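Student: The structure file upload-v9.cif (mmCIF, C-alpha atoms) is provided below.
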```cif
data_input
loop_
_atom_site.label_atom_id
_atom_site.label_comp_id
_atom_site.auth_asym_id
_atom_site.auth_seq_id
_atom_site.Cartn_x
_atom_site.Cartn_y
_atom_site.Cartn_z
CA MET B 20 98.78 55.53 -46.88
CA VAL B 21 96.08 57.79 -45.42
CA LEU B 22 93.65 55.73 -43.34
CA PRO B 23 90.50 56.77 -41.45
CA LYS B 24 91.36 57.45 -37.83
CA LEU B 25 90.09 55.31 -34.98
CA LYS B 26 87.34 57.47 -33.50
CA ASP B 27 87.00 55.70 -30.16
CA GLU B 28 90.31 54.30 -28.90
CA THR B 29 88.55 52.42 -26.11
CA ALA B 30 86.24 50.49 -28.46
CA VAL B 31 86.91 46.78 -29.04
CA MET B 32 87.21 45.81 -32.72
CA PRO B 33 84.90 48.57 -34.06
CA PHE B 34 86.08 48.22 -37.67
CA LEU B 35 85.65 44.43 -37.70
CA LEU B 36 82.19 44.63 -36.14
CA ARG B 37 81.10 47.10 -38.83
CA ILE B 38 82.25 44.68 -41.53
CA GLN B 39 80.46 41.79 -39.81
CA THR B 40 77.30 43.90 -39.57
CA ILE B 41 77.36 44.37 -43.36
CA ALA B 42 77.63 40.59 -43.77
CA GLY B 43 74.85 39.91 -41.25
CA LEU B 44 77.21 38.25 -38.77
CA TRP B 45 76.86 40.88 -36.05
CA GLY B 46 74.21 43.23 -34.75
CA ASP B 47 70.52 42.91 -35.48
CA ARG B 48 69.67 39.22 -35.73
CA SER B 49 66.93 39.93 -38.23
CA GLN B 50 69.75 40.71 -40.72
CA ARG B 51 71.28 37.24 -40.49
CA TYR B 52 69.79 36.45 -43.89
CA ARG B 53 72.49 38.62 -45.48
CA PHE B 54 75.22 36.05 -44.96
CA TYR B 55 73.02 33.20 -46.14
CA LEU B 56 72.22 35.21 -49.29
CA ILE B 57 75.96 35.69 -49.84
CA PHE B 58 76.56 31.97 -49.30
CA SER B 59 73.70 31.04 -51.67
CA TYR B 60 75.12 33.38 -54.32
CA PHE B 61 78.52 31.68 -53.97
CA CYS B 62 76.95 28.25 -54.38
CA ALA B 63 74.92 29.34 -57.42
CA ILE B 64 77.74 31.12 -59.28
CA VAL B 65 80.78 29.06 -58.24
CA VAL B 66 79.96 25.69 -56.68
CA LEU B 67 77.13 24.42 -58.88
CA PRO B 68 78.72 25.31 -62.26
CA LYS B 69 81.99 23.65 -61.24
CA VAL B 70 80.26 20.51 -59.92
CA LEU B 71 77.48 20.05 -62.47
CA PHE B 72 78.97 21.14 -65.79
CA GLY B 73 82.48 19.71 -65.61
CA TYR B 74 85.59 20.83 -67.49
CA PRO B 75 86.89 20.49 -71.06
CA ASP B 76 90.15 18.70 -70.16
CA LEU B 77 92.22 17.38 -67.24
CA GLU B 78 94.43 20.45 -66.74
CA ILE B 79 91.47 22.79 -66.48
CA ALA B 80 89.72 20.27 -64.20
CA VAL B 81 92.67 20.29 -61.78
CA ARG B 82 92.82 24.08 -61.74
CA GLY B 83 89.04 24.38 -61.34
CA THR B 84 88.97 21.83 -58.51
CA ALA B 85 91.81 23.61 -56.70
CA GLU B 86 89.96 26.92 -57.14
CA LEU B 87 86.80 25.39 -55.71
CA MET B 88 88.62 24.11 -52.62
CA PHE B 89 90.42 27.43 -52.18
CA GLU B 90 87.22 29.49 -52.44
CA SER B 91 85.18 27.07 -50.34
CA ASN B 92 87.73 27.43 -47.56
CA ALA B 93 86.53 30.96 -46.74
CA PHE B 94 82.81 30.39 -47.28
CA PHE B 95 82.44 27.10 -45.43
CA GLY B 96 84.69 28.40 -42.66
CA MET B 97 82.41 31.42 -42.22
CA LEU B 98 79.39 29.12 -42.41
CA MET B 99 80.80 27.17 -39.43
CA PHE B 100 81.38 30.51 -37.72
CA SER B 101 77.78 31.65 -38.31
CA PHE B 102 76.51 28.55 -36.47
CA GLN B 103 78.42 29.76 -33.37
CA ARG B 104 76.83 33.22 -33.33
CA ASP B 105 75.69 32.92 -29.69
CA ASN B 106 79.15 32.00 -28.42
CA TYR B 107 80.76 34.73 -30.49
CA GLU B 108 78.43 37.40 -29.12
CA ARG B 109 79.22 36.30 -25.57
CA LEU B 110 82.93 36.43 -26.40
CA VAL B 111 82.79 39.98 -27.78
CA HIS B 112 80.64 41.24 -24.91
CA GLN B 113 83.05 39.65 -22.42
CA LEU B 114 86.01 41.37 -24.11
CA GLN B 115 84.15 44.67 -24.12
CA ASP B 116 83.37 44.35 -20.40
CA LEU B 117 87.01 43.58 -19.62
CA ALA B 118 88.21 46.49 -21.72
CA ALA B 119 85.78 48.86 -20.00
CA LEU B 120 87.14 47.86 -16.60
CA GLU B 121 90.83 47.45 -17.31
CA LEU B 122 91.63 49.43 -20.45
CA GLY B 123 94.99 51.17 -20.15
CA GLU B 124 97.73 52.39 -22.43
CA TYR B 125 98.68 48.86 -23.41
CA LEU B 126 95.21 47.95 -24.68
CA ILE B 127 94.82 51.33 -26.35
CA ALA B 128 98.03 50.55 -28.26
CA VAL B 129 96.61 47.12 -29.16
CA ASN B 130 93.41 48.79 -30.38
CA ARG B 131 95.40 51.10 -32.63
CA ARG B 132 97.54 48.30 -34.08
CA VAL B 133 94.59 46.01 -34.73
CA ASP B 134 92.56 48.82 -36.31
CA ARG B 135 95.45 49.94 -38.52
CA PHE B 136 96.29 46.41 -39.63
CA SER B 137 92.61 45.70 -40.41
CA LYS B 138 92.26 48.80 -42.58
CA ILE B 139 95.54 48.25 -44.43
CA TYR B 140 94.62 44.62 -45.04
CA CYS B 141 91.19 45.59 -46.41
CA CYS B 142 92.74 48.16 -48.75
CA CYS B 143 95.21 45.57 -50.05
CA HIS B 144 92.48 42.96 -50.38
CA PHE B 145 90.27 45.38 -52.33
CA SER B 146 93.16 46.28 -54.64
CA MET B 147 93.96 42.61 -55.29
CA ALA B 148 90.30 41.84 -56.06
CA THR B 149 90.16 44.77 -58.50
CA PHE B 150 93.36 43.63 -60.21
CA PHE B 151 92.13 40.02 -60.35
CA TRP B 152 88.90 41.11 -62.05
CA PHE B 153 90.43 43.68 -64.40
CA MET B 154 93.41 41.79 -65.87
CA PRO B 155 91.49 38.94 -67.60
CA VAL B 156 89.08 41.52 -69.05
CA TRP B 157 91.92 43.70 -70.32
CA THR B 158 93.81 40.74 -71.79
CA THR B 159 90.80 39.28 -73.58
CA TYR B 160 89.42 42.51 -75.06
CA SER B 161 92.89 43.71 -76.09
CA ALA B 162 93.41 40.48 -78.01
CA TYR B 163 89.91 40.68 -79.49
CA PHE B 164 90.32 44.19 -80.90
CA ALA B 165 93.87 43.47 -82.08
CA VAL B 166 92.78 40.53 -84.25
CA ARG B 167 92.30 41.55 -87.88
CA ASN B 168 91.03 38.24 -89.17
CA SER B 169 87.52 37.65 -87.82
CA THR B 170 87.91 33.88 -88.23
CA GLU B 171 90.95 33.74 -85.99
CA PRO B 172 89.95 32.46 -82.52
CA VAL B 173 90.62 34.61 -79.47
CA GLU B 174 91.45 33.01 -76.16
CA HIS B 175 89.00 34.13 -73.47
CA VAL B 176 90.83 34.49 -70.19
CA LEU B 177 88.46 33.42 -67.42
CA HIS B 178 88.45 34.67 -63.86
CA LEU B 179 87.38 31.24 -62.62
CA GLU B 180 87.75 27.97 -64.47
CA GLU B 181 84.15 26.88 -64.88
CA GLU B 182 81.36 26.42 -67.38
CA LEU B 183 78.78 28.99 -66.30
CA TYR B 184 75.63 27.00 -66.90
CA PHE B 185 74.68 27.17 -70.60
CA LEU B 186 76.79 30.18 -71.57
CA HIS B 187 79.52 29.63 -74.18
CA ILE B 188 82.01 31.82 -72.38
CA ARG B 189 85.06 30.27 -74.06
CA THR B 190 83.92 30.93 -77.62
CA SER B 191 81.24 33.65 -77.70
CA MET B 192 82.28 37.25 -76.98
CA ALA B 193 78.70 38.22 -76.11
CA HIS B 194 78.46 35.42 -73.56
CA TYR B 195 81.92 36.30 -72.26
CA THR B 196 80.81 39.91 -71.72
CA PHE B 197 77.84 38.70 -69.70
CA TYR B 198 80.19 36.42 -67.74
CA VAL B 199 82.51 39.38 -66.99
CA ALA B 200 79.56 41.36 -65.62
CA ILE B 201 78.65 38.46 -63.32
CA MET B 202 82.25 38.05 -62.17
CA TRP B 203 82.48 41.68 -61.02
CA PRO B 204 80.33 41.20 -57.86
CA THR B 205 81.52 37.60 -57.54
CA ILE B 206 85.22 38.46 -57.19
CA TYR B 207 84.49 41.18 -54.64
CA THR B 208 82.22 38.79 -52.72
CA LEU B 209 84.99 36.19 -52.60
CA GLY B 210 87.50 38.79 -51.40
CA PHE B 211 85.08 40.25 -48.84
CA THR B 212 84.29 36.86 -47.29
CA GLY B 213 87.92 35.72 -47.19
CA GLY B 214 89.03 39.02 -45.66
CA THR B 215 86.26 38.95 -43.06
CA LYS B 216 87.27 35.44 -42.01
CA LEU B 217 90.94 36.34 -41.54
CA LEU B 218 90.24 39.60 -39.68
CA THR B 219 87.68 37.90 -37.42
CA ILE B 220 90.14 35.24 -36.29
CA PHE B 221 93.14 37.57 -36.03
CA SER B 222 91.35 40.26 -34.04
CA ASN B 223 89.70 37.96 -31.52
CA VAL B 224 92.81 35.87 -30.87
CA LYS B 225 94.89 39.04 -30.54
CA TYR B 226 92.50 40.54 -27.98
CA CYS B 227 92.48 37.37 -25.88
CA SER B 228 96.29 37.34 -25.97
CA ALA B 229 96.34 41.02 -24.97
CA MET B 230 94.09 40.33 -21.98
CA LEU B 231 96.40 37.55 -20.80
CA LYS B 232 99.35 39.91 -21.26
CA LEU B 233 97.57 42.49 -19.13
CA VAL B 234 97.03 39.93 -16.35
CA ALA B 235 100.77 39.19 -16.37
CA LEU B 236 101.59 42.93 -16.27
CA ARG B 237 99.33 43.42 -13.26
CA ILE B 238 101.06 40.54 -11.47
CA HIS B 239 104.44 42.12 -12.18
CA CYS B 240 103.21 45.37 -10.62
CA LEU B 241 101.73 43.62 -7.57
CA ALA B 242 104.93 44.04 -5.52
CA GLY B 243 104.64 47.83 -5.84
CA VAL B 244 101.10 47.98 -4.48
CA ARG B 245 100.64 49.15 -0.89
CA GLN B 246 100.28 46.34 1.62
CA ASP B 247 96.75 47.32 2.65
CA ARG B 248 95.62 47.18 -1.01
CA ALA B 249 97.73 44.25 -2.21
CA GLU B 250 95.25 41.49 -1.38
CA LYS B 251 92.35 43.40 -2.95
CA GLU B 252 94.44 43.92 -6.10
CA LEU B 253 95.27 40.20 -6.17
CA ASN B 254 91.57 39.33 -5.89
CA GLU B 255 90.86 41.59 -8.87
CA ILE B 256 93.68 39.93 -10.83
CA ILE B 257 92.28 36.47 -10.06
CA SER B 258 88.80 37.58 -11.12
CA MET B 259 90.17 39.10 -14.32
CA HIS B 260 92.18 35.96 -15.10
CA GLN B 261 89.06 33.81 -14.69
CA ARG B 262 87.13 36.06 -17.06
CA VAL B 263 89.95 35.89 -19.61
CA LEU B 264 89.89 32.09 -19.32
CA ASP B 265 86.17 32.23 -20.09
CA CYS B 266 86.99 34.36 -23.16
CA VAL B 267 89.55 31.81 -24.37
CA PHE B 268 87.02 29.00 -23.90
CA LEU B 269 84.45 30.91 -25.95
CA LEU B 270 87.12 31.67 -28.56
CA GLU B 271 88.01 28.00 -28.87
CA THR B 272 84.35 26.96 -29.03
CA THR B 273 83.59 29.54 -31.71
CA PHE B 274 86.49 28.82 -34.06
CA ARG B 275 87.39 25.16 -33.54
CA TRP B 276 85.43 24.01 -36.61
CA VAL B 277 86.63 26.96 -38.68
CA PHE B 278 90.20 25.79 -38.08
CA PHE B 279 89.18 22.21 -38.79
CA VAL B 280 87.82 23.21 -42.22
CA GLN B 281 90.99 25.25 -42.83
CA PHE B 282 93.31 22.28 -42.25
CA ILE B 283 91.13 19.90 -44.27
CA GLN B 284 91.03 22.27 -47.24
CA CYS B 285 94.78 22.92 -47.06
CA THR B 286 95.44 19.17 -47.09
CA MET B 287 93.09 18.59 -50.03
CA ILE B 288 94.72 21.31 -52.14
CA TRP B 289 98.18 19.87 -51.47
CA CYS B 290 96.93 16.38 -52.41
CA SER B 291 95.39 17.67 -55.64
CA LEU B 292 98.70 19.27 -56.64
CA ILE B 293 100.70 16.10 -55.93
CA LEU B 294 98.17 13.97 -57.82
CA TYR B 295 98.22 16.29 -60.81
CA ILE B 296 102.03 16.35 -61.01
CA ALA B 297 102.12 12.56 -60.74
CA VAL B 298 99.65 12.18 -63.63
CA THR B 299 100.63 14.91 -66.10
CA GLY B 300 103.95 16.38 -64.92
CA PHE B 301 104.77 20.08 -64.65
CA SER B 302 102.93 22.69 -66.71
CA SER B 303 101.63 26.27 -66.52
CA THR B 304 98.54 24.99 -64.74
CA VAL B 305 100.75 23.71 -61.92
CA ALA B 306 102.02 27.25 -61.40
CA ASN B 307 98.44 28.53 -61.09
CA VAL B 308 97.60 25.86 -58.51
CA CYS B 309 100.85 26.58 -56.64
CA VAL B 310 99.78 30.21 -56.14
CA GLN B 311 96.61 29.06 -54.42
CA ILE B 312 98.56 26.53 -52.33
CA ILE B 313 100.98 29.23 -51.19
CA LEU B 314 98.11 31.53 -50.20
CA VAL B 315 96.19 28.91 -48.23
CA THR B 316 99.39 27.60 -46.60
CA VAL B 317 100.47 31.09 -45.52
CA GLU B 318 96.97 31.70 -44.16
CA THR B 319 97.10 28.42 -42.22
CA TYR B 320 100.53 29.31 -40.84
CA GLY B 321 99.18 32.72 -39.77
CA TYR B 322 96.46 31.07 -37.73
CA CYS B 323 99.05 28.76 -36.15
CA TYR B 324 101.21 31.78 -35.33
CA PHE B 325 98.29 33.52 -33.60
CA GLY B 326 97.51 30.31 -31.71
CA THR B 327 101.13 30.06 -30.53
CA ASP B 328 101.02 33.67 -29.36
CA LEU B 329 97.90 32.91 -27.31
CA THR B 330 99.53 29.88 -25.68
CA THR B 331 102.72 31.85 -24.97
CA GLU B 332 100.79 34.63 -23.23
CA SER B 333 98.92 32.07 -21.12
CA TYR B 334 102.25 30.69 -19.89
CA GLY B 335 103.38 34.29 -19.38
CA VAL B 336 100.96 34.53 -16.46
CA ALA B 337 102.70 31.60 -14.75
CA LEU B 338 106.13 33.13 -15.42
CA ALA B 339 104.94 36.43 -13.96
CA ILE B 340 103.95 34.64 -10.75
CA TYR B 341 107.36 32.91 -10.61
CA ASP B 342 109.15 36.23 -11.09
CA SER B 343 107.05 38.12 -8.57
CA GLU B 344 108.30 38.65 -5.03
CA TRP B 345 105.74 36.19 -3.73
CA TYR B 346 107.79 35.41 -0.62
CA LYS B 347 107.13 38.95 0.65
CA PHE B 348 103.36 38.54 0.59
CA SER B 349 101.09 37.34 3.35
CA ILE B 350 100.23 33.67 3.77
CA SER B 351 96.70 34.12 2.37
CA MET B 352 98.11 35.86 -0.71
CA ARG B 353 100.65 33.07 -1.22
CA ARG B 354 97.85 30.51 -1.22
CA LYS B 355 95.91 32.49 -3.79
CA LEU B 356 99.01 32.90 -5.95
CA ARG B 357 99.61 29.15 -5.77
CA LEU B 358 96.09 28.45 -7.03
CA LEU B 359 96.51 31.07 -9.75
CA LEU B 360 99.83 29.45 -10.71
CA GLN B 361 98.26 25.99 -10.96
CA ARG B 362 95.47 27.35 -13.13
CA SER B 363 97.84 29.26 -15.43
CA GLN B 364 100.06 26.18 -15.99
CA LYS B 365 97.28 24.46 -17.91
CA PRO B 366 97.95 25.07 -21.63
CA LEU B 367 95.50 27.37 -23.38
CA GLY B 368 94.89 27.70 -27.08
CA VAL B 369 92.52 27.05 -29.95
CA THR B 370 92.06 23.63 -31.52
CA ALA B 371 91.10 22.29 -34.92
CA GLY B 372 87.90 20.41 -34.20
CA LYS B 373 89.09 19.53 -30.67
CA PHE B 374 91.74 17.25 -32.20
CA ARG B 375 94.95 19.30 -32.14
CA PHE B 376 96.11 22.66 -30.89
CA VAL B 377 96.56 25.21 -33.64
CA ASN B 378 100.17 26.34 -33.21
CA VAL B 379 103.47 26.57 -35.08
CA ALA B 380 104.74 23.28 -33.65
CA GLN B 381 101.72 21.39 -35.03
CA PHE B 382 102.06 23.22 -38.34
CA GLY B 383 105.60 21.84 -38.64
CA LYS B 384 104.36 18.30 -38.01
CA TYR B 385 101.42 18.85 -40.35
#
```
Would you mind giving the structure from this file in structure tokens?
Tutor:
Amino acid sequence: MVLPKLKDETAVMPFLLRIQTIAGLWGDRSQRYRFYLIFSYFCAIVVLPKVLFGYPDLEIAVRGTAELMFESNAFFGMLMFSFQRDNYERLVHQLQDLAALELGEYLIAVNRRVDRFSKIYCCCHFSMATFFWFMPVWTTYSAYFAVRNSTEPVEHVLHLEEELYFLHIRTSMAHYTFYVAIMWPTIYTLGFTGGTKLLTIFSNVKYCSAMLKLVALRIHCLAGVRQDRAEKELNEIISMHQRVLDCVFLLETTFRWVFFVQFIQCTMIWCSLILYIAVTGFSSTVANVCVQIILVTVETYGYCYFGTDLTTESYGVALAIYDSEWYKFSISMRRKLRLLLQRSQKPLGVTAGKFRFVNVAQFGKY
């Protein structure tokens, strides 16, 4: 796959920040209305029709409700994120300042990996959205033109299970055509918002983990520094570690409610599936709901994996101090290393609404 090259290898999350600028979540604050327009469009085209106009039968109601929870996961998560705009800006600026001071080959490699993953993910997400929009259209119109008897009903395959206000999209081909035209920007909006949410969390957690990794690497190299520069280097490491701790605090403050919404939505979708199976048994609708459950569960696990990586790198600083030749340093340096060790032994991570750490261990219990 041919991808656009990263123009500035020292830049922090340039691709993500461009995407957030399009959505009004970064850059000029006068453009914040963009995200609220996107959110209003989602409510008007997806939420209100599903809530106000109901469903023809129970199976469609279960599928439509699961769709609503699945789609709301991204939009309400990003809504929580938009309320933390000030903290997020401070976080990004802090990461940019750290990168400008300490950027080496390791962080350049991280920049390349994050940029490449982000672009590949966006390409895949765009392809999936295109496929998701095209296949119902192709199936419905193929069946319509293949029918010879005009009185024979044709099943209209819907992108989303809903009654779109007063349109008869299940019976009228003209109304269905209008519905298809509306779904074209809707599907891409859903994909864009969901992709932006995942890339925002992944990139920021990964950069905080990389900064902690860099602190540990500098501690490992401390024994090779000349004696007259060793204490100055240690002071710089302590200062850098404190700034990284500030970044992690801002990260946790920014995303704690996003993770909270994620876990709540995941739980609700699982409950809806269990309730549906208990009432009606297995059917094709169950398979459709299971696909959404798998997607939201994998996404939740991904966030837990990133959270575990962040916690592991925070403990890596303490391990680096243990493994360093601290006994060869001066008394003043030993005291500073002891304070740094005590600080690094405190567990770091992101939480879901300040209730639980988001990590793989909690995912297993969840």
Student: Using only C-alpha atoms, pick whichever of B:Val70, B:Leu233, B:Leu329, B:Ile350 has the shortest atom-to-atom distance to His260 (chain B).
Tutor: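 That would be B:Leu233, the residue with the smallest distance to His260 (chain B).
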Student: Would you compute the distance between CA of Val234 (chain B) and CA of Ile256 (chain B)? Give it in Å to one decimal.
Tutor: 6.5 Å
Student: I need the residue set behind the PyMOL selection byres ((chain B and resi 283) around 12) for this file; please write it as a PyMOL selection string.
Tutor: chain B and resi 88-89+91-92+95-96+276-282+284-290+315-316+319+371-372+385
Student: Measure the distance from CA of Tyr322 (chain B) to CA of Gln364 (chain B) in Å and round it to one decimal.
Tutor: 22.6 Å
Student: Pull out every residue that the PyMOL selection byres ((chain B and resi 178-188) around 10) matches in the shown coordinates and put them as number ranges by chain.
Tutor: B: 63-75, 79-87, 151-156, 175-177, 189-199, 201-203, 205-206
Student: Name the residues that the PyMOL selection byres ((chain B and resi 330-336) around 6) picks from the file above, as a PyMOL selection string, using the file's chain letters and numbers.
Tutor: chain B and resi 228+231-232+235+327-329+337-339+367-368
Student: Could you take the residues named above and write them with C-alpha atoms, as an mmCIF file, in the frame of the given file?
Tutor:
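Listed below is the output, out03.cif:
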```
data_model
loop_
_atom_site.group_PDB
_atom_site.id
_atom_site.type_symbol
_atom_site.label_atom_id
_atom_site.label_comp_id
_atom_site.auth_asym_id
_atom_site.auth_seq_id
_atom_site.Cartn_x
_atom_site.Cartn_y
_atom_site.Cartn_z
ATOM 1 C CA SER B 228 96.290 37.340 -25.970
ATOM 2 C CA LEU B 231 96.400 37.550 -20.800
ATOM 3 C CA LYS B 232 99.350 39.910 -21.260
ATOM 4 C CA ALA B 235 100.770 39.190 -16.370
ATOM 5 C CA THR B 327 101.130 30.060 -30.530
ATOM 6 C CA ASP B 328 101.020 33.670 -29.360
ATOM 7 C CA LEU B 329 97.900 32.910 -27.310
ATOM 8 C CA ALA B 337 102.700 31.600 -14.750
ATOM 9 C CA LEU B 338 106.130 33.130 -15.420
ATOM 10 C CA ALA B 339 104.940 36.430 -13.960
ATOM 11 C CA LEU B 367 95.500 27.370 -23.380
ATOM 12 C CA GLY B 368 94.890 27.700 -27.080
#
```
Student: What separation in Å, quoted to one decimal, exists between CA of Met230 (chain B) and CA of Ala249 (chain B)?
Tutor: 20.5 Å
Student: Tell me which protein, DNA and RNA residues are within 9 Å of region 212-221 of chain B, counting all atoms listed in the file, leaving out same-chain ones fewer than 3 positions away, and put them as a list of chain:residue names.
Tutor: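 Counting all atoms listed in the file, the residues come to B:Leu35, B:Leu36, B:Ile38, B:Gln39, B:Ala42, B:Ile57, B:Glu90, B:Asn92, B:Ala93, B:Phe94, B:Gly96, B:Met97, B:Phe100, B:Val133, B:Ser137, B:Tyr140, B:Cys141, B:His144, B:Tyr207, B:Thr208, B:Leu209, B:Val224, B:Lys225, B:Tyr226, B:Phe274, B:Glu318, B:Gly321, B:Tyr322, B:Phe325.
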Student: Restrict the selected residues to C-alpha atoms and save them as a PDB file, in the coordinates of the input.
Tutor:
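Generated output (out.pdb):
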```pdb
ATOM      1  CA  LEU B  35      85.650  44.430 -37.700  1.00  0.00           C
ATOM      2  CA  LEU B  36      82.190  44.630 -36.140  1.00  0.00           C
ATOM      3  CA  ILE B  38      82.250  44.680 -41.530  1.00  0.00           C
ATOM      4  CA  GLN B  39      80.460  41.790 -39.810  1.00  0.00           C
ATOM      5  CA  ALA B  42      77.630  40.590 -43.770  1.00  0.00           C
ATOM      6  CA  ILE B  57      75.960  35.690 -49.840  1.00  0.00           C
ATOM      7  CA  GLU B  90      87.220  29.490 -52.440  1.00  0.00           C
ATOM      8  CA  ASN B  92      87.730  27.430 -47.560  1.00  0.00           C
ATOM      9  CA  ALA B  93      86.530  30.960 -46.740  1.00  0.00           C
ATOM     10  CA  PHE B  94      82.810  30.390 -47.280  1.00  0.00           C
ATOM     11  CA  GLY B  96      84.690  28.400 -42.660  1.00  0.00           C
ATOM     12  CA  MET B  97      82.410  31.420 -42.220  1.00  0.00           C
ATOM     13  CA  PHE B 100      81.380  30.510 -37.720  1.00  0.00           C
ATOM     14  CA  VAL B 133      94.590  46.010 -34.730  1.00  0.00           C
ATOM     15  CA  SER B 137      92.610  45.700 -40.410  1.00  0.00           C
ATOM     16  CA  TYR B 140      94.620  44.620 -45.040  1.00  0.00           C
ATOM     17  CA  CYS B 141      91.190  45.590 -46.410  1.00  0.00           C
ATOM     18  CA  HIS B 144      92.480  42.960 -50.380  1.00  0.00           C
ATOM     19  CA  TYR B 207      84.490  41.180 -54.640  1.00  0.00           C
ATOM     20  CA  THR B 208      82.220  38.790 -52.720  1.00  0.00           C
ATOM     21  CA  LEU B 209      84.990  36.190 -52.600  1.00  0.00           C
ATOM     22  CA  VAL B 224      92.810  35.870 -30.870  1.00  0.00           C
ATOM     23  CA  LYS B 225      94.890  39.040 -30.540  1.00  0.00           C
ATOM     24  CA  TYR B 226      92.500  40.540 -27.980  1.00  0.00           C
ATOM     25  CA  PHE B 274      86.490  28.820 -34.060  1.00  0.00           C
ATOM     26  CA  GLU B 318      96.970  31.700 -44.160  1.00  0.00           C
ATOM     27  CA  GLY B 321      99.180  32.720 -39.770  1.00  0.00           C
ATOM     28  CA  TYR B 322      96.460  31.070 -37.730  1.00  0.00           C
ATOM     29  CA  PHE B 325      98.290  33.520 -33.600  1.00  0.00           C
TER      30      PHE B 325
END
```
Student: Could you tell me which of B:His112, B:Ile296, B:Leu25, B:Thr40 comes closest to Arg262 (chain B) if we count only C-alpha atoms?
Tutor: B:His112
Student: Please provide the set of residues having any atom within 7 Å of Val377 (chain B), restricted to all atoms listed in the file, with same-chain residues fewer than 4 positions apart removed, written as JSON, numbers by chain.
Tutor: {"B": [323, 326, 369, 370, 371, 381]}
Student: Looking at all atoms listed in the file, which of B:Leu114, B:Cys62, B:Leu292, B:Ile139 is the one that sits closest to Leu264 (chain B)?
Tutor: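 Ranking B:Leu114, B:Cys62, B:Leu292, B:Ile139 by distance to Leu264 (chain B), first place goes to B:Leu114.
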Student: Take every atom of region 243-251 of chain B listed in the file, fit an axis-aligned box around them, add 5 Å per side, and give the centre and edge lengths in Å to one decimal as lines of an AutoDock Vina configuration file.
Tutor:
```
center_x = 98.5
center_y = 45.3
center_z = -1.6
size_x = 22.3
size_y = 17.7
size_z = 18.5
```
